[in-house]
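Below: run.tsv (TSV, C-alpha atoms)
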```
chain	number	residue	atom	x	y	z
A	1	SER	CA	133.10	-24.49	39.87
A	2	ARG	CA	135.52	-22.15	41.59
A	3	THR	CA	139.09	-23.39	41.60
A	4	SER	CA	140.41	-23.91	45.10
A	5	GLN	CA	143.62	-22.26	46.24
A	6	GLY	CA	145.36	-25.63	46.32
A	7	GLU	CA	144.24	-26.40	42.77
A	8	ARG	CA	145.54	-23.00	41.60
A	9	ILE	CA	148.91	-23.70	43.20
A	10	LEU	CA	149.10	-27.17	41.65
A	11	THR	CA	148.22	-25.81	38.22
A	12	VAL	CA	151.00	-23.21	38.45
A	13	LEU	CA	153.52	-25.84	39.58
A	14	VAL	CA	152.52	-28.27	36.82
A	15	ALA	CA	152.85	-25.49	34.23
A	16	LYS	CA	156.33	-24.74	35.60
A	17	LYS	CA	157.25	-28.44	35.30
A	18	LEU	CA	156.03	-28.54	31.68
A	19	LYS	CA	158.09	-25.44	30.82
A	20	PHE	CA	161.12	-27.07	32.46
A	21	LEU	CA	160.63	-30.31	30.50
A	22	LEU	CA	160.33	-28.28	27.28
A	23	GLY	CA	163.61	-26.54	28.04
A	24	LEU	CA	161.94	-23.16	28.63
A	25	GLU	CA	162.89	-22.97	32.34
A	26	ASP	CA	166.08	-23.80	34.22
A	27	SER	CA	164.21	-25.51	37.09
A	28	ASP	CA	160.82	-26.98	37.93
A	29	PHE	CA	161.01	-25.67	41.51
A	30	MET	CA	159.33	-22.43	42.61
A	31	SER	CA	159.73	-20.37	45.78
A	32	LEU	CA	156.83	-19.48	48.05
A	33	GLY	CA	157.00	-15.88	46.82
A	34	GLU	CA	156.83	-16.93	43.16
A	35	ILE	CA	153.88	-19.23	43.85
A	36	ALA	CA	152.03	-16.52	45.81
A	37	PHE	CA	152.63	-14.01	43.01
A	38	GLU	CA	151.51	-16.37	40.23
A	39	THR	CA	148.33	-17.41	42.07
A	40	GLY	CA	147.42	-14.02	43.53
A	41	LEU	CA	147.49	-15.46	47.06
A	42	THR	CA	149.15	-13.97	50.11
A	43	ASN	CA	152.35	-15.70	51.26
A	44	LYS	CA	150.47	-16.89	54.35
A	45	SER	CA	147.63	-18.47	52.33
A	46	ALA	CA	150.04	-20.01	49.83
A	47	SER	CA	152.17	-21.40	52.65
A	48	SER	CA	149.13	-22.99	54.33
A	49	ARG	CA	147.95	-24.58	51.08
A	50	LEU	CA	151.48	-25.80	50.26
A	51	SER	CA	151.68	-27.50	53.67
A	52	GLU	CA	148.42	-29.30	52.90
A	53	LEU	CA	149.60	-30.26	49.42
A	54	TYR	CA	152.89	-31.51	50.86
A	55	SER	CA	151.08	-33.71	53.40
A	56	GLU	CA	148.93	-35.06	50.54
A	57	ARG	CA	152.13	-35.78	48.55
A	58	MET	CA	151.02	-33.47	45.72
A	59	VAL	CA	154.19	-31.37	46.04
A	60	GLU	CA	157.71	-31.93	47.25
A	61	ARG	CA	160.00	-29.36	48.75
A	62	LYS	CA	163.70	-28.69	49.04
A	63	ARG	CA	165.59	-26.29	51.26
A	64	GLU	CA	168.45	-24.08	50.16
A	65	GLY	CA	169.63	-22.17	53.20
A	66	SER	CA	166.62	-20.38	54.63
A	67	ARG	CA	164.61	-20.64	51.39
A	68	VAL	CA	162.17	-23.43	50.55
A	69	TYR	CA	161.30	-24.42	46.99
A	70	TYR	CA	158.38	-26.52	45.80
A	71	ARG	CA	157.56	-28.60	42.72
A	72	ALA	CA	154.67	-30.81	41.66
A	73	THR	CA	154.99	-34.55	42.20
A	74	LEU	CA	153.51	-37.16	39.87
A	75	ASN	CA	150.45	-37.22	42.19
A	76	GLY	CA	150.11	-33.46	41.69
A	77	ILE	CA	150.33	-33.82	37.92
A	78	PHE	CA	147.61	-36.50	37.92
A	79	LYS	CA	145.41	-34.30	40.14
A	80	VAL	CA	145.67	-31.42	37.63
A	81	LYS	CA	144.91	-33.83	34.79
A	82	ALA	CA	141.80	-35.05	36.64
A	83	LEU	CA	140.69	-31.44	37.14
A	84	ALA	CA	141.17	-30.76	33.43
A	85	ASP	CA	139.18	-33.88	32.56
A	86	GLU	CA	136.30	-32.62	34.74
A	87	PHE	CA	136.07	-29.50	32.58
A	88	GLY	CA	135.89	-31.62	29.43
A	89	SER	CA	138.08	-31.68	26.40
```
Please re-express this file's structure in structure tokens.
Amino acid sequence: SRTSQGERILTVLVAKKLKFLLGLEDSDFMSLGEIAFETGLTNKSASSRLSELYSERMVERKREGSRVYYRATLNGIFKVKALADEFGS
């Protein structure tokens, strides 16, 4: 099945969190621009999906000045795990 835009965003954010936990990244937060680039989405599409994911508590956000950063929540991590389980091991 085709991965939805929201699922692509969650997968990218969970990968970022894993890299952070492994000490390979300085942060588990990503900007809208980084997320759009990594998923191949426009900023507008990524922003719309992120708003949906935020309302579903799959991502959390923080503001630094005019910039907004996002990271996967535990709910988001479990959603990606469930998607992976659907594809089999």
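Of the listed residues A:Ala82, A:Met30, A:Leu10, A:Ala46, the one whose atoms come nearest to Tyr69 (chain A) is A:Met30, with distances taken using all atoms listed in the file.
For the pair CA of Lys19 (chain A) and CA of Thr39 (chain A), the separation is 16.9 Å.
In this comparison, which uses all atoms listed in the file, the residue of A:Phe37, A:Tyr70, A:Phe78, A:Tyr54 approaching Leu13 (chain A) most closely is A:Tyr70.
For the set A:Gly88, A:Ser55, A:Gly76, A:Arg67, the residue with the smallest atom-to-atom gap to Ile9 (chain A) is A:Gly76, counting all atoms listed in the file.
Distance-wise, CA of Leu50 (chain A) and CA of Asp26 (chain A) end up 21.8 Å apart.
Take CA of Ser27 (chain A) and CA of Ile77 (chain A): the distance between them is 16.2 Å.
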Enclosing box along x, y and z for every listed atom of region 67-85 of chain A, padded 5 Å each side, centre and size in Å, one decimal, as lines of an AutoDock Vina configuration file:
```
center_x = 151.9
center_y = -28.9
center_z = 42.0
size_x = 35.4
size_y = 26.6
size_z = 28.8
```
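Residue neighbourhood of Glu52 (chain A), excluding near-sequence residues (fewer than 5 positions): Gln5, Gly6, Glu7, Ile9, Leu10, Ser45, Ala46, Ser47, Arg57, Met58, Val59 and Glu60 of chain A, at 12 Å, using all atoms listed in the file.
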Note to self: I want to know what sits within 10 Å of Ser31 (chain A), based on all atoms listed in the file, with residues of the same chain fewer than 2 positions away left out; could you give that as an NGL selection string?
What the structure shows: :A and (29 or 33-37 or 61-63 or 67-71)
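In terms of minimum interatomic distance to Leu41 (chain A), A:Arg8 ranks closest within A:Ser66, A:Leu53, A:Glu25, A:Arg8, counting all atoms listed in the file.
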